[in-house]
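Read the structure below first, then the notes.
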Amino acid sequence: DGGITQSPKYLFRKEGQNVTLSCEQNLNHDAMYWYRQDPGQGLRLIYYSQIVNDFQKGDIAEGYSVSREKKESFPLTVTSAQKNPTAFYLCATRDIYEQYFGPGTRLTVT
Amino acid sequence: QQQVKQSPQSLIVQKGGISIINCAYENTAFDYFPWYQQFPGKGPALLIAIRPDVSEKKEGRFTISFNKSAKQFSLHIMDSQPGDSATYFCAASNRASYGKLTFGQGTILTVHP
């Protein structure tokens, strides 16, 4: 975990509502990433950002949006367009090669 | 071509034994191969990583073996302990692709006392 904070740890929402997951870091890393993890599966990349005010879609960006207004923050919004939003969401930062992960947010949508 | 295939899906080892997890990749542009350890409900923690210019890297009880020609790499856990019981993920990235990691499916390791 180190200097990466994700909040809240657990999040519950009703279907049709947008929800924003927080990711904050104090590692002074430029690059930040959002991954999604489903039971029994590896991590899949949602969005990534190399610098402030710039971000790119990953492999499964549909139904998600992000912003990168500050170096320290990379919030992820799960929109109502995401068909299966219940999952474990992980934020990461990168220092040269090494990626470091936050503690994750478990989102449950009913 | 971006896939990383990991095996086995699950592994049971006795305390003191050797745990071996294997990964294979197709994309020859990959130039960084980390292994992550994840406990239930936690984020993955970087365990050990290797670059393709070396064939082996050892850190304590953990060793990565890398075979560039076969496009395979493996994690060996020596003297496995019950505390090593976790899910292990291999991954690969290409620095030219902004360090995006491609993950294997994961291996659930159980070490019996």
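Letters A, B, ... mark the chains of the structure tokens in the order given; residue numbers begin at 1 per chain; ligand numbers begin at 1, in order shown.
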
Per-residue nearest contacts of range 12-81 of chain A to range 86-106 of chain B (8 Å; only C-alpha atoms) as CSV:
```
residue,atom,partner,partner_atom,distance
A:Gly40,CA,B:Gln105,CA,7.2
A:Gln41,CA,B:Gln105,CA,5.1
A:Gly42,CA,B:Gln105,CA,4.3
A:Leu43,CA,B:Phe103,CA,6.0
A:Arg44,CA,B:Phe103,CA,7.4
A:Leu45,CA,B:Lys100,CA,7.8
A:Gln50,CA,B:Tyr98,CA,7.3
```

Let's have the selection written as a PDB file, in the first residue's frame, with N, CA, C and O atoms.
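The result, stored in selection_11.pdb:
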```pdb
ATOM      1  N   GLY A  40     -11.349 -14.863  -9.241  1.00  0.00           N
ATOM      2  CA  GLY A  40     -10.707 -15.886 -10.056  1.00  0.00           C
ATOM      3  C   GLY A  40     -10.072 -15.374 -11.327  1.00  0.00           C
ATOM      4  O   GLY A  40      -9.672 -16.176 -12.180  1.00  0.00           O
ATOM      5  N   GLN A  41      -9.970 -14.055 -11.449  1.00  0.00           N
ATOM      6  CA  GLN A  41      -9.378 -13.501 -12.667  1.00  0.00           C
ATOM      7  C   GLN A  41      -8.211 -12.585 -12.333  1.00  0.00           C
ATOM      8  O   GLN A  41      -8.073 -12.090 -11.224  1.00  0.00           O
ATOM      9  N   GLY A  42      -7.420 -12.356 -13.324  1.00  0.00           N
ATOM     10  CA  GLY A  42      -6.340 -11.385 -13.184  1.00  0.00           C
ATOM     11  C   GLY A  42      -6.878  -9.966 -13.216  1.00  0.00           C
ATOM     12  O   GLY A  42      -8.088  -9.742 -13.333  1.00  0.00           O
ATOM     13  N   LEU A  43      -5.988  -9.020 -13.126  1.00  0.00           N
ATOM     14  CA  LEU A  43      -6.374  -7.616 -13.137  1.00  0.00           C
ATOM     15  C   LEU A  43      -6.476  -7.120 -14.578  1.00  0.00           C
ATOM     16  O   LEU A  43      -5.646  -7.452 -15.423  1.00  0.00           O
ATOM     17  N   ARG A  44      -7.500  -6.309 -14.816  1.00  0.00           N
ATOM     18  CA  ARG A  44      -7.683  -5.747 -16.157  1.00  0.00           C
ATOM     19  C   ARG A  44      -7.637  -4.215 -16.084  1.00  0.00           C
ATOM     20  O   ARG A  44      -8.248  -3.617 -15.206  1.00  0.00           O
ATOM     21  N   LEU A  45      -6.948  -3.609 -17.035  1.00  0.00           N
ATOM     22  CA  LEU A  45      -6.693  -2.180 -17.026  1.00  0.00           C
ATOM     23  C   LEU A  45      -7.898  -1.389 -17.526  1.00  0.00           C
ATOM     24  O   LEU A  45      -8.397  -1.642 -18.628  1.00  0.00           O
ATOM     25  N   GLN A  50      -0.390   9.260 -17.591  1.00  0.00           N
ATOM     26  CA  GLN A  50       1.056   9.429 -17.484  1.00  0.00           C
ATOM     27  C   GLN A  50       1.434  10.760 -16.840  1.00  0.00           C
ATOM     28  O   GLN A  50       2.487  10.881 -16.215  1.00  0.00           O
TER      29      GLN A  50
END
```

Which residues of chain A come within 12 Å of chain B, and for each one, what is the closest pair of atoms and their distance in Å to one decimal, counting only C-alpha atoms, sorted by chain and residue number, as CSV?
```
residue,atom,partner,partner_atom,distance
A:Asp1,CA,B:Gly43,CA,7.1
A:Gly2,CA,B:Ala45,CA,9.9
A:Ile4,CA,B:Gly43,CA,10.4
A:Thr5,CA,B:Gly43,CA,10.9
A:Gln6,CA,B:Gly43,CA,10.2
A:Lys9,CA,B:Gly41,CA,9.4
A:Tyr10,CA,B:Gly41,CA,10.4
A:Asp30,CA,B:Tyr98,CA,11.1
A:Ala31,CA,B:Tyr98,CA,8.3
A:Met32,CA,B:Lys100,CA,10.0
A:Tyr33,CA,B:Lys100,CA,8.3
A:Trp34,CA,B:Lys100,CA,10.4
A:Tyr35,CA,B:Leu101,CA,9.8
A:Arg36,CA,B:Gly43,CA,11.2
A:Gln37,CA,B:Gly43,CA,10.1
A:Asp38,CA,B:Gln105,CA,10.4
A:Pro39,CA,B:Gln105,CA,10.1
A:Gly40,CA,B:Gln105,CA,7.2
A:Gln41,CA,B:Gln105,CA,5.1
A:Gly42,CA,B:Gln105,CA,4.3
A:Leu43,CA,B:Phe103,CA,6.0
A:Arg44,CA,B:Phe103,CA,7.4
A:Leu45,CA,B:Lys100,CA,7.8
A:Ile46,CA,B:Lys100,CA,10.5
A:Tyr47,CA,B:Lys100,CA,9.8
A:Tyr48,CA,B:Lys100,CA,8.1
A:Ser49,CA,B:Tyr98,CA,8.9
A:Gln50,CA,B:Tyr98,CA,7.3
A:Ile51,CA,B:Tyr98,CA,11.0
A:Phe55,CA,B:Tyr98,CA,11.1
A:Gln56,CA,B:Tyr98,CA,10.2
A:Lys57,CA,B:Lys100,CA,11.1
A:Gly58,CA,B:Lys100,CA,8.6
A:Asp59,CA,B:Thr102,CA,10.0
A:Ala87,CA,B:Gly41,CA,11.6
A:Phe88,CA,B:Gly41,CA,8.6
A:Tyr89,CA,B:Gly43,CA,9.2
A:Leu90,CA,B:Gly43,CA,6.8
A:Cys91,CA,B:Gly43,CA,8.8
A:Ala92,CA,B:Gly43,CA,9.3
A:Thr93,CA,B:Gly99,CA,10.2
A:Arg94,CA,B:Gly99,CA,7.7
A:Asp95,CA,B:Gly99,CA,9.5
A:Ile96,CA,B:Gly99,CA,8.2
A:Tyr97,CA,B:Gly99,CA,6.6
A:Glu98,CA,B:Leu46,CA,7.9
A:Gln99,CA,B:Leu46,CA,7.5
A:Tyr100,CA,B:Leu46,CA,6.8
A:Phe101,CA,B:Gly43,CA,5.8
A:Gly102,CA,B:Gly43,CA,5.7
A:Pro103,CA,B:Gly43,CA,4.4
A:Gly104,CA,B:Gly43,CA,5.7
A:Thr105,CA,B:Gly41,CA,9.1
A:Arg106,CA,B:Gly41,CA,8.4
```

Using only C-alpha atoms, which residues sit within 7 Å of Ser7 in chain A once same-chain residues fewer than 3 positions away are excluded, as number ranges by chain? A: 21-23, 105

So, counting only C-alpha atoms, which residue among B:Thr63, B:Gln3, B:Ser85, B:Thr110 is closest to Cys23 in chain B? B:Gln3

Would you mind writing down, as JSON, numbers by chain, each residue of range 6-112 of chain B that DSSP on the backbone assigns to helix (DSSP H, G or I)? {"B": [82, 83, 84, 95, 96, 97]}

Between A:Val109, A:Val52, A:Ala61, A:Ser80, which one has atoms that come closest to Gln17 in chain A, using only C-alpha atoms?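 Once distances to Gln17 in chain A are computed over only C-alpha atoms, the minimum belongs to A:Ser80.
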
Quick check for you: according to DSSP on this backbone, which residues of chain B are classed as strand (DSSP E)? Reply as number ranges by chain. B: 4-7, 10-14, 19-25, 33-38, 45-50, 56-59, 62-67, 72-77, 86-93, 101-103, 107-112

Extract, using only C-alpha atoms, all DNA, RNA and protein residues at most 8 Å from Ser55 in chain B, discarding same-chain residues fewer than 3 positions from it, and format them as a list in words. Pro52, Ser65, Phe66, Asn67 and Lys68 of chain B

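Using only C-alpha atoms, the nearest neighbour of Thr20 in chain A within the list A:Arg68, A:Leu76, A:Thr108, A:Ala81 is A:Leu76.
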
Find the residues near Tyr25 in chain B: any atom within 9 Å, counting only C-alpha atoms, skip ones fewer than 4 places away on the same chain, and give them as a VMD selection string. chain B and resid 1 to 5 30 70 to 73 92

For the residues in the current selection, export C-alpha atoms as a tab-separated table (two decimals), in the first residue's frame.
```tsv
chain	number	residue	atom	x	y	z
B	1	GLN	CA	-0.47	-11.44	-28.48
B	2	GLN	CA	-0.91	-9.43	-25.31
B	3	GLN	CA	-1.84	-12.43	-23.19
B	4	VAL	CA	0.13	-13.84	-20.32
B	5	LYS	CA	-0.81	-17.42	-19.50
B	30	PHE	CA	7.66	-7.16	-23.18
B	70	ALA	CA	10.94	-20.05	-24.79
B	71	LYS	CA	9.12	-16.88	-23.73
B	72	GLN	CA	8.53	-18.30	-20.30
B	73	PHE	CA	9.27	-17.26	-16.74
B	92	ALA	CA	4.49	-8.32	-18.12
```

Which distance in Å separates CA of Glu24 in chain A and CA of Asn53 in chain A, to one decimal? 15.4 Å

Could you jot down the CA of Ser19 in chain B to CA of Ser7 in chain B separation for me, Å, one decimal place? 11.8 Å

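Put simply, CA of Phe62 in chain B is 4.8 Å away from CA of Ile77 in chain B.
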
Using only C-alpha atoms, which residues sit within 7 Å of Ile20 in chain B once same-chain residues fewer than 6 positions away are excluded, as a PyMOL selection string? chain B and resi 74-77

Next, dump the selected residues to file, keeping only all heavy atoms, as a JSON list (two decimals), in the first residue's frame.
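Wrote again.json, looks like this:
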```
[["chain", "number", "residue", "atom", "x", "y", "z"],
["B", 74, "SER", "N", 9.21, -18.15, -14.51],
["B", 74, "SER", "CA", 8.59, -18.87, -13.42],
["B", 74, "SER", "C", 9.03, -18.30, -12.08],
["B", 74, "SER", "O", 10.10, -17.68, -11.97],
["B", 74, "SER", "CB", 8.93, -20.36, -13.50],
["B", 74, "SER", "OG", 10.32, -20.55, -13.42],
["B", 75, "LEU", "N", 8.19, -18.54, -11.09],
["B", 75, "LEU", "CA", 8.48, -18.14, -9.71],
["B", 75, "LEU", "C", 8.69, -19.41, -8.89],
["B", 75, "LEU", "O", 7.86, -20.32, -8.94],
["B", 75, "LEU", "CB", 7.32, -17.33, -9.13],
["B", 75, "LEU", "CG", 7.44, -16.94, -7.66],
["B", 75, "LEU", "CD1", 8.54, -15.91, -7.45],
["B", 75, "LEU", "CD2", 6.10, -16.41, -7.14],
["B", 76, "HIS", "N", 9.81, -19.44, -8.17],
["B", 76, "HIS", "CA", 10.09, -20.55, -7.27],
["B", 76, "HIS", "C", 10.11, -20.01, -5.84],
["B", 76, "HIS", "O", 10.82, -19.03, -5.57],
["B", 76, "HIS", "CB", 11.45, -21.18, -7.58],
["B", 76, "HIS", "CG", 11.51, -21.82, -8.93],
["B", 76, "HIS", "ND1", 11.89, -23.12, -9.12],
["B", 76, "HIS", "CD2", 11.25, -21.34, -10.16],
["B", 76, "HIS", "CE1", 11.85, -23.42, -10.39],
["B", 76, "HIS", "NE2", 11.47, -22.35, -11.06],
["B", 77, "ILE", "N", 9.33, -20.63, -4.98],
["B", 77, "ILE", "CA", 9.33, -20.26, -3.56],
["B", 77, "ILE", "C", 9.95, -21.43, -2.80],
["B", 77, "ILE", "O", 9.37, -22.52, -2.72],
["B", 77, "ILE", "CB", 7.92, -19.97, -3.03],
["B", 77, "ILE", "CG1", 7.24, -18.90, -3.90],
["B", 77, "ILE", "CG2", 7.98, -19.51, -1.58],
["B", 77, "ILE", "CD1", 5.79, -18.65, -3.53]]
```
